[in-house]
Amino acid sequence: MLNFKELAKDGNDLERLTREVFHREGFEVHWTGKGPDGGRDLIVIEKVQGPLSKFERKWLVQCKHNAHSGRSIGKEEANSLITDCERISADGYLLVCTTSLSSGLILAYEELKNSRKLKIDYWDEVKLEDRLFTPTNFQLINQFFPKSSEKVGWKIYNTNSPSFWAAHYKNSFIYLSARLNMHFPGLVIVEKIHKYAEDISRKFGVLARLRAVYFDDKNTNFCAYLDYLIDKKEEKEKRSPFQEDEIDEKYDQFESALPYIVEVEHGGVSLTWDVKGYYVDKNHDGYDPNGKEFYTPYIKKFQVGNSRE
């Protein structure tokens, strides 16, 4: 359960969160000017491929953040809906809120939908949370709800292979692969490996990301794929974002500090590491510590436990 009180009272976090959801889901998104309440509305362009042709629908999206007061959104919210939509020639209206809607407002929406050719929908706290727990948006939970994200745990998704899975855990997106099993038997061990990466990040002041864990269940060995990301500006390097580089001698200590045994109840399990270093520009618009460019070239290697070199 997400605590929407973690979002700032002024509503700016909710507006940014909503924008990120639409952006990640492939919609075209624009800000409008600030409204009378000081908030910014969103214009979202939905591009639809119909059975015969493509068409677009423009949505006006308004955000209301009442989580701190706990008040539901009242019927008066519908008073300016038609005028606001006509102002930007919107075909649809969406309310995004962090509490519930009153029965009066839901009834008002139904009446407006029946009397006008306008699509009207809403995401209340339940629908918004469901949206965030999809694979596309899951990473936003860690970004906007740092306290709640600690309680979320694992979210594992199917892939096209019976022994290969995609997973979210805390702030990481991780591929899990097993040599033989149809299920991954080592989540507790992966949690420990993830903890090793967190400890290394704190010790060396470098952002470390666990990308994948391969389990050779025939020989009971684990292989962890780990990246560390160095801000090129901090290193005073003149490189473009995401350019790979040889691991500097300065970071040899980083690799040597990684454990090669995972401690378990009755001893230890063998662990090998596949480590890569990247120079990144954290201020670049395209920067994402879990971006697909860190995964896509190595999917096949993650599946079978091969080295990325």
# chains A, B, ... in the order shown; residues from 1 in each chain; ligands from 1
call {"tool": "residues_around", "arguments": {"residues": "stretch 258-265 of chain A", "least_positions_apart": "5", "cutoff": "8 Å", "atoms": "only C-alpha atoms", "output": "list in words"}}
result
Ile189, Lys192, Ile193, Tyr196, Ile200, Ser270, Leu271, Thr272 and Trp273 of chain A
call {"tool": "write_last_selection", "arguments": {"atoms": "all heavy atoms", "output": "PDB file, in the first residue's frame"}}
result
ATOM      1  N   ILE A 189      18.658 -15.303  -1.572  1.00  0.00           N
ATOM      2  CA  ILE A 189      20.066 -15.081  -1.918  1.00  0.00           C
ATOM      3  C   ILE A 189      20.214 -13.837  -2.795  1.00  0.00           C
ATOM      4  O   ILE A 189      21.151 -13.049  -2.621  1.00  0.00           O
ATOM      5  CB  ILE A 189      20.645 -16.332  -2.605  1.00  0.00           C
ATOM      6  CG1 ILE A 189      20.747 -17.463  -1.584  1.00  0.00           C
ATOM      7  CG2 ILE A 189      22.009 -16.033  -3.226  1.00  0.00           C
ATOM      8  CD1 ILE A 189      21.276 -18.763  -2.133  1.00  0.00           C
ATOM      9  N   LYS A 192      20.306 -10.831  -0.740  1.00  0.00           N
ATOM     10  CA  LYS A 192      21.617 -10.622  -0.127  1.00  0.00           C
ATOM     11  C   LYS A 192      22.595 -10.027  -1.134  1.00  0.00           C
ATOM     12  O   LYS A 192      23.396  -9.146  -0.797  1.00  0.00           O
ATOM     13  CB  LYS A 192      22.152 -11.930   0.433  1.00  0.00           C
ATOM     14  CG  LYS A 192      21.365 -12.445   1.631  1.00  0.00           C
ATOM     15  CD  LYS A 192      21.993 -13.697   2.228  1.00  0.00           C
ATOM     16  CE  LYS A 192      21.231 -14.145   3.462  1.00  0.00           C
ATOM     17  NZ  LYS A 192      21.858 -15.327   4.110  1.00  0.00           N
ATOM     18  N   ILE A 193      22.546 -10.514  -2.379  1.00  0.00           N
ATOM     19  CA  ILE A 193      23.411  -9.966  -3.424  1.00  0.00           C
ATOM     20  C   ILE A 193      23.080  -8.490  -3.663  1.00  0.00           C
ATOM     21  O   ILE A 193      23.968  -7.650  -3.826  1.00  0.00           O
ATOM     22  CB  ILE A 193      23.263 -10.778  -4.724  1.00  0.00           C
ATOM     23  CG1 ILE A 193      23.749 -12.213  -4.506  1.00  0.00           C
ATOM     24  CG2 ILE A 193      24.040 -10.124  -5.866  1.00  0.00           C
ATOM     25  CD1 ILE A 193      23.489 -13.146  -5.683  1.00  0.00           C
ATOM     26  N   TYR A 196      24.637  -6.499  -1.049  1.00  0.00           N
ATOM     27  CA  TYR A 196      26.063  -6.278  -1.309  1.00  0.00           C
ATOM     28  C   TYR A 196      26.255  -5.064  -2.213  1.00  0.00           C
ATOM     29  O   TYR A 196      27.157  -4.242  -2.004  1.00  0.00           O
ATOM     30  CB  TYR A 196      26.684  -7.505  -1.978  1.00  0.00           C
ATOM     31  CG  TYR A 196      26.685  -8.769  -1.158  1.00  0.00           C
ATOM     32  CD1 TYR A 196      26.706 -10.022  -1.782  1.00  0.00           C
ATOM     33  CD2 TYR A 196      26.676  -8.734   0.234  1.00  0.00           C
ATOM     34  CE1 TYR A 196      26.709 -11.194  -1.040  1.00  0.00           C
ATOM     35  CE2 TYR A 196      26.678  -9.905   0.979  1.00  0.00           C
ATOM     36  CZ  TYR A 196      26.685 -11.139   0.340  1.00  0.00           C
ATOM     37  OH  TYR A 196      26.687 -12.298   1.057  1.00  0.00           O
ATOM     38  N   ILE A 200      28.252  -1.606  -1.337  1.00  0.00           N
ATOM     39  CA  ILE A 200      29.351  -1.105  -2.170  1.00  0.00           C
ATOM     40  C   ILE A 200      29.082   0.344  -2.581  1.00  0.00           C
ATOM     41  O   ILE A 200      29.990   1.187  -2.599  1.00  0.00           O
ATOM     42  CB  ILE A 200      29.534  -2.010  -3.408  1.00  0.00           C
ATOM     43  CG1 ILE A 200      30.184  -3.331  -3.010  1.00  0.00           C
ATOM     44  CG2 ILE A 200      30.342  -1.317  -4.490  1.00  0.00           C
ATOM     45  CD1 ILE A 200      31.624  -3.200  -2.559  1.00  0.00           C
ATOM     46  N   SER A 270      28.551 -20.405  -3.732  1.00  0.00           N
ATOM     47  CA  SER A 270      29.509 -19.756  -4.624  1.00  0.00           C
ATOM     48  C   SER A 270      28.840 -18.637  -5.431  1.00  0.00           C
ATOM     49  O   SER A 270      27.722 -18.791  -5.930  1.00  0.00           O
ATOM     50  CB  SER A 270      30.119 -20.788  -5.567  1.00  0.00           C
ATOM     51  OG  SER A 270      30.970 -20.168  -6.502  1.00  0.00           O
ATOM     52  N   LEU A 271      29.551 -17.509  -5.549  1.00  0.00           N
ATOM     53  CA  LEU A 271      29.043 -16.339  -6.268  1.00  0.00           C
ATOM     54  C   LEU A 271      30.146 -15.749  -7.118  1.00  0.00           C
ATOM     55  O   LEU A 271      31.246 -15.488  -6.628  1.00  0.00           O
ATOM     56  CB  LEU A 271      28.524 -15.296  -5.280  1.00  0.00           C
ATOM     57  CG  LEU A 271      28.149 -13.915  -5.837  1.00  0.00           C
ATOM     58  CD1 LEU A 271      26.965 -14.014  -6.783  1.00  0.00           C
ATOM     59  CD2 LEU A 271      27.831 -12.952  -4.690  1.00  0.00           C
ATOM     60  N   THR A 272      29.891 -15.567  -8.392  1.00  0.00           N
ATOM     61  CA  THR A 272      30.818 -14.850  -9.264  1.00  0.00           C
ATOM     62  C   THR A 272      30.165 -13.546  -9.703  1.00  0.00           C
ATOM     63  O   THR A 272      28.940 -13.415  -9.691  1.00  0.00           O
ATOM     64  CB  THR A 272      31.198 -15.684 -10.505  1.00  0.00           C
ATOM     65  OG1 THR A 272      30.009 -15.990 -11.248  1.00  0.00           O
ATOM     66  CG2 THR A 272      31.896 -16.959 -10.093  1.00  0.00           C
ATOM     67  N   TRP A 273      31.004 -12.590 -10.125  1.00  0.00           N
ATOM     68  CA  TRP A 273      30.514 -11.274 -10.519  1.00  0.00           C
ATOM     69  C   TRP A 273      30.932 -10.956 -11.947  1.00  0.00           C
ATOM     70  O   TRP A 273      32.060 -11.264 -12.355  1.00  0.00           O
ATOM     71  CB  TRP A 273      31.069 -10.189  -9.597  1.00  0.00           C
ATOM     72  CG  TRP A 273      30.620 -10.291  -8.180  1.00  0.00           C
ATOM     73  CD1 TRP A 273      31.218 -10.990  -7.170  1.00  0.00           C
ATOM     74  CD2 TRP A 273      29.467  -9.673  -7.610  1.00  0.00           C
ATOM     75  NE1 TRP A 273      30.517 -10.848  -6.009  1.00  0.00           N
ATOM     76  CE2 TRP A 273      29.433 -10.036  -6.241  1.00  0.00           C
ATOM     77  CE3 TRP A 273      28.455  -8.842  -8.114  1.00  0.00           C
ATOM     78  CZ2 TRP A 273      28.429  -9.601  -5.379  1.00  0.00           C
ATOM     79  CZ3 TRP A 273      27.456  -8.401  -7.251  1.00  0.00           C
ATOM     80  CH2 TRP A 273      27.453  -8.784  -5.905  1.00  0.00           C
TER      81      TRP A 273
END
call {"tool": "residues_around", "arguments": {"residues": "stretch 73-88 of chain A", "least_positions_apart": "5", "cutoff": "12 Å", "atoms": "only C-alpha atoms", "output": "PyMOL selection string"}}
result
chain A and resi 30-33+35-36+41-45+58-67+93-113+115-125
call {"tool": "write_last_selection", "arguments": {"atoms": "C-alpha atoms", "output": "CSV table (one decimal), in the first residue's frame"}}
result
chain,number,residue,atom,x,y,z
A,30,HIS,CA,2.4,18.9,-22.5
A,31,TRP,CA,1.9,21.2,-19.5
A,32,THR,CA,-0.7,24.0,-19.6
A,33,GLY,CA,-0.4,27.2,-17.7
A,35,GLY,CA,-4.7,27.4,-13.0
A,36,PRO,CA,-6.5,29.5,-10.3
A,41,ASP,CA,-2.9,20.8,-15.9
A,42,LEU,CA,-1.7,18.3,-18.4
A,43,ILE,CA,-2.6,17.9,-22.0
A,44,VAL,CA,-2.2,14.3,-23.1
A,45,ILE,CA,-2.4,13.2,-26.7
A,58,LYS,CA,-6.8,15.1,-26.7
A,59,TRP,CA,-7.2,14.7,-22.9
A,60,LEU,CA,-7.3,17.4,-20.3
A,61,VAL,CA,-5.8,15.9,-17.1
A,62,GLN,CA,-6.2,17.6,-13.8
A,63,CYS,CA,-4.6,16.5,-10.5
A,64,LYS,CA,-6.0,17.0,-7.0
A,65,HIS,CA,-3.9,16.0,-4.0
A,66,ASN,CA,-6.0,15.7,-0.8
A,67,ALA,CA,-4.1,12.9,0.8
A,93,TYR,CA,-11.2,14.7,-19.3
A,94,LEU,CA,-9.3,12.8,-16.6
A,95,LEU,CA,-9.1,13.6,-12.9
A,96,VAL,CA,-6.1,12.1,-11.0
A,97,CYS,CA,-6.4,12.3,-7.2
A,98,THR,CA,-5.0,10.8,-4.1
A,99,THR,CA,-8.2,10.2,-2.2
A,100,SER,CA,-11.7,9.1,-3.3
A,101,LEU,CA,-14.4,10.8,-5.3
A,102,SER,CA,-17.7,11.7,-3.6
A,103,SER,CA,-20.8,9.9,-4.9
A,104,GLY,CA,-22.1,13.3,-6.1
A,105,LEU,CA,-19.1,13.9,-8.3
A,106,ILE,CA,-19.3,10.4,-9.8
A,107,LEU,CA,-23.0,11.0,-10.6
A,108,ALA,CA,-22.1,14.4,-12.1
A,109,TYR,CA,-19.6,12.8,-14.4
A,110,GLU,CA,-22.1,10.2,-15.6
A,111,GLU,CA,-24.6,13.0,-16.4
A,112,LEU,CA,-22.0,15.0,-18.3
A,113,LYS,CA,-20.9,11.9,-20.3
A,115,SER,CA,-25.4,14.7,-22.3
A,116,ARG,CA,-22.2,15.6,-24.2
A,117,LYS,CA,-19.8,13.9,-26.6
A,118,LEU,CA,-17.0,13.9,-24.0
A,119,LYS,CA,-14.9,11.1,-22.6
A,120,ILE,CA,-14.7,11.4,-18.8
A,121,ASP,CA,-12.7,9.2,-16.5
A,122,TYR,CA,-10.9,9.4,-13.1
A,123,TRP,CA,-8.0,7.7,-11.3
A,124,ASP,CA,-8.7,7.7,-7.6
A,125,GLU,CA,-6.1,6.5,-5.0
call {"tool": "closest_residue", "arguments": {"among": "A:Asn283, A:Ser163, A:Asn114, A:Ser201", "to": "A:Lys232", "atoms": "only C-alpha atoms"}}
result
A:Asn283
call {"tool": "select_by_dssp", "arguments": {"residues": "stretch 17-264 of chain A", "states": "alpha helix (DSSP H)", "output": "MDAnalysis selection string"}}
result
chainID A and resid 17:24 81:87 103:115 125:132 139:144 146:149 187:204 252:256
call {"tool": "closest_residue", "arguments": {"among": "A:Val206, A:Leu2, A:Val21, A:Ile174", "to": "A:Val280", "atoms": "only C-alpha atoms"}}
result
A:Val206
call {"tool": "atom_distance", "arguments": {"atom1": "atom CA of A:Val304", "atom2": "atom CA of A:Leu180"}}
result
10.5 Å
call {"tool": "residues_around", "arguments": {"residues": "stretch 151-158 of chain A", "least_positions_apart": "5", "cutoff": "7 Å", "atoms": "only C-alpha atoms", "output": "PyMOL selection string"}}
result
chain A and resi 165-170
call {"tool": "write_last_selection", "arguments": {"atoms": "N, CA, C and O atoms", "output": "PDB file, in the first residue's frame"}}
result
ATOM      1  N   TRP A 165      12.985 -14.581 -16.040  1.00  0.00           N
ATOM      2  CA  TRP A 165      11.973 -13.682 -15.496  1.00  0.00           C
ATOM      3  C   TRP A 165      12.526 -12.262 -15.375  1.00  0.00           C
ATOM      4  O   TRP A 165      13.733 -12.062 -15.234  1.00  0.00           O
ATOM      5  N   ALA A 166      11.627 -11.288 -15.429  1.00  0.00           N
ATOM      6  CA  ALA A 166      11.961  -9.895 -15.151  1.00  0.00           C
ATOM      7  C   ALA A 166      11.367  -9.542 -13.801  1.00  0.00           C
ATOM      8  O   ALA A 166      10.264  -9.992 -13.463  1.00  0.00           O
ATOM      9  N   ALA A 167      12.096  -8.764 -13.026  1.00  0.00           N
ATOM     10  CA  ALA A 167      11.631  -8.486 -11.667  1.00  0.00           C
ATOM     11  C   ALA A 167      11.987  -7.068 -11.244  1.00  0.00           C
ATOM     12  O   ALA A 167      12.996  -6.499 -11.694  1.00  0.00           O
ATOM     13  N   HIS A 168      11.163  -6.507 -10.376  1.00  0.00           N
ATOM     14  CA  HIS A 168      11.487  -5.277  -9.668  1.00  0.00           C
ATOM     15  C   HIS A 168      11.706  -5.622  -8.198  1.00  0.00           C
ATOM     16  O   HIS A 168      10.930  -6.380  -7.606  1.00  0.00           O
ATOM     17  N   TYR A 169      12.760  -5.059  -7.643  1.00  0.00           N
ATOM     18  CA  TYR A 169      13.018  -5.220  -6.214  1.00  0.00           C
ATOM     19  C   TYR A 169      13.633  -3.928  -5.707  1.00  0.00           C
ATOM     20  O   TYR A 169      14.684  -3.500  -6.189  1.00  0.00           O
ATOM     21  N   LYS A 170      12.944  -3.286  -4.776  1.00  0.00           N
ATOM     22  CA  LYS A 170      13.361  -1.980  -4.272  1.00  0.00           C
ATOM     23  C   LYS A 170      13.564  -1.023  -5.452  1.00  0.00           C
ATOM     24  O   LYS A 170      12.654  -0.773  -6.209  1.00  0.00           O
TER      25      LYS A 170
END
call {"tool": "decode", "arguments": {"residues": "stretch 190-215 of chain A", "atoms": "N, CA, C and O atoms", "output": "mmCIF file, in the first residue's frame"}}
result
data_model
loop_
_atom_site.group_PDB
_atom_site.id
_atom_site.type_symbol
_atom_site.label_atom_id
_atom_site.label_comp_id
_atom_site.auth_asym_id
_atom_site.auth_seq_id
_atom_site.Cartn_x
_atom_site.Cartn_y
_atom_site.Cartn_z
ATOM 1 N N VAL A 190 19.291 -13.635 -3.725
ATOM 2 C CA VAL A 190 19.353 -12.437 -4.565
ATOM 3 C C VAL A 190 19.207 -11.180 -3.704
ATOM 4 O O VAL A 190 19.852 -10.160 -3.958
ATOM 5 N N GLU A 191 18.367 -11.243 -2.689
ATOM 6 C CA GLU A 191 18.232 -10.102 -1.781
ATOM 7 C C GLU A 191 19.568 -9.793 -1.103
ATOM 8 O O GLU A 191 19.926 -8.621 -0.921
ATOM 9 N N LYS A 192 20.306 -10.831 -0.740
ATOM 10 C CA LYS A 192 21.617 -10.622 -0.127
ATOM 11 C C LYS A 192 22.595 -10.027 -1.134
ATOM 12 O O LYS A 192 23.396 -9.146 -0.797
ATOM 13 N N ILE A 193 22.546 -10.514 -2.379
ATOM 14 C CA ILE A 193 23.411 -9.966 -3.424
ATOM 15 C C ILE A 193 23.080 -8.490 -3.663
ATOM 16 O O ILE A 193 23.968 -7.650 -3.826
ATOM 17 N N HIS A 194 21.781 -8.184 -3.680
ATOM 18 C CA HIS A 194 21.353 -6.792 -3.836
ATOM 19 C C HIS A 194 21.884 -5.943 -2.682
ATOM 20 O O HIS A 194 22.308 -4.799 -2.877
ATOM 21 N N LYS A 195 21.884 -6.513 -1.481
ATOM 22 C CA LYS A 195 22.409 -5.791 -0.313
ATOM 23 C C LYS A 195 23.906 -5.535 -0.473
ATOM 24 O O LYS A 195 24.404 -4.460 -0.088
ATOM 25 N N TYR A 196 24.637 -6.499 -1.049
ATOM 26 C CA TYR A 196 26.063 -6.278 -1.309
ATOM 27 C C TYR A 196 26.255 -5.064 -2.213
ATOM 28 O O TYR A 196 27.157 -4.242 -2.004
ATOM 29 N N ALA A 197 25.417 -4.955 -3.256
ATOM 30 C CA ALA A 197 25.516 -3.821 -4.186
ATOM 31 C C ALA A 197 25.225 -2.508 -3.463
ATOM 32 O O ALA A 197 25.897 -1.494 -3.703
ATOM 33 N N GLU A 198 24.221 -2.513 -2.588
ATOM 34 C CA GLU A 198 23.910 -1.299 -1.816
ATOM 35 C C GLU A 198 25.075 -0.916 -0.907
ATOM 36 O O GLU A 198 25.422 0.274 -0.783
ATOM 37 N N ASP A 199 25.690 -1.918 -0.270
ATOM 38 C CA ASP A 199 26.815 -1.638 0.622
ATOM 39 C C ASP A 199 28.000 -1.058 -0.143
ATOM 40 O O ASP A 199 28.671 -0.121 0.332
ATOM 41 N N ILE A 200 28.252 -1.606 -1.337
ATOM 42 C CA ILE A 200 29.351 -1.105 -2.170
ATOM 43 C C ILE A 200 29.082 0.344 -2.581
ATOM 44 O O ILE A 200 29.990 1.187 -2.599
ATOM 45 N N SER A 201 27.831 0.644 -2.915
ATOM 46 C CA SER A 201 27.475 2.009 -3.312
ATOM 47 C C SER A 201 27.798 2.991 -2.192
ATOM 48 O O SER A 201 28.377 4.062 -2.428
ATOM 49 N N ARG A 202 27.410 2.629 -0.975
ATOM 50 C CA ARG A 202 27.665 3.527 0.156
ATOM 51 C C ARG A 202 29.152 3.638 0.465
ATOM 52 O O ARG A 202 29.658 4.726 0.761
ATOM 53 N N LYS A 203 29.867 2.527 0.383
ATOM 54 C CA LYS A 203 31.283 2.519 0.753
ATOM 55 C C LYS A 203 32.127 3.353 -0.194
ATOM 56 O O LYS A 203 33.025 4.082 0.236
ATOM 57 N N PHE A 204 31.841 3.256 -1.502
ATOM 58 C CA PHE A 204 32.691 3.923 -2.492
ATOM 59 C C PHE A 204 32.067 5.178 -3.093
ATOM 60 O O PHE A 204 32.696 5.844 -3.905
ATOM 61 N N GLY A 205 30.828 5.482 -2.713
ATOM 62 C CA GLY A 205 30.178 6.668 -3.253
ATOM 63 C C GLY A 205 29.904 6.577 -4.732
ATOM 64 O O GLY A 205 29.891 7.591 -5.435
ATOM 65 N N VAL A 206 29.693 5.351 -5.229
ATOM 66 C CA VAL A 206 29.411 5.103 -6.643
ATOM 67 C C VAL A 206 28.056 4.428 -6.739
ATOM 68 O O VAL A 206 27.721 3.570 -5.922
ATOM 69 N N LEU A 207 27.248 4.825 -7.709
ATOM 70 C CA LEU A 207 25.943 4.201 -7.879
ATOM 71 C C LEU A 207 26.116 2.823 -8.509
ATOM 72 O O LEU A 207 26.535 2.697 -9.655
ATOM 73 N N ALA A 208 25.819 1.767 -7.749
ATOM 74 C CA ALA A 208 25.910 0.398 -8.247
ATOM 75 C C ALA A 208 24.509 -0.129 -8.512
ATOM 76 O O ALA A 208 23.590 0.097 -7.725
ATOM 77 N N ARG A 209 24.347 -0.844 -9.623
ATOM 78 C CA ARG A 209 23.045 -1.398 -9.989
ATOM 79 C C ARG A 209 23.193 -2.883 -10.344
ATOM 80 O O ARG A 209 23.991 -3.247 -11.204
ATOM 81 N N LEU A 210 22.412 -3.718 -9.673
ATOM 82 C CA LEU A 210 22.357 -5.134 -9.998
ATOM 83 C C LEU A 210 21.442 -5.316 -11.199
ATOM 84 O O LEU A 210 20.276 -4.941 -11.163
ATOM 85 N N ARG A 211 21.953 -5.891 -12.290
ATOM 86 C CA ARG A 211 21.195 -6.010 -13.541
ATOM 87 C C ARG A 211 20.546 -7.382 -13.711
ATOM 88 O O ARG A 211 19.457 -7.481 -14.264
ATOM 89 N N ALA A 212 21.244 -8.431 -13.284
ATOM 90 C CA ALA A 212 20.718 -9.782 -13.493
ATOM 91 C C ALA A 212 21.420 -10.741 -12.546
ATOM 92 O O ALA A 212 22.540 -10.479 -12.082
ATOM 93 N N VAL A 213 20.743 -11.841 -12.274
ATOM 94 C CA VAL A 213 21.345 -12.934 -11.498
ATOM 95 C C VAL A 213 21.026 -14.247 -12.200
ATOM 96 O O VAL A 213 19.850 -14.560 -12.444
ATOM 97 N N TYR A 214 22.067 -14.980 -12.536
ATOM 98 C CA TYR A 214 21.913 -16.297 -13.160
ATOM 99 C C TYR A 214 22.211 -17.370 -12.121
ATOM 100 O O TYR A 214 23.207 -17.288 -11.395
ATOM 101 N N PHE A 215 21.341 -18.378 -12.055
ATOM 102 C CA PHE A 215 21.519 -19.459 -11.104
ATOM 103 C C PHE A 215 21.779 -20.766 -11.834
ATOM 104 O O PHE A 215 20.923 -21.266 -12.559
#
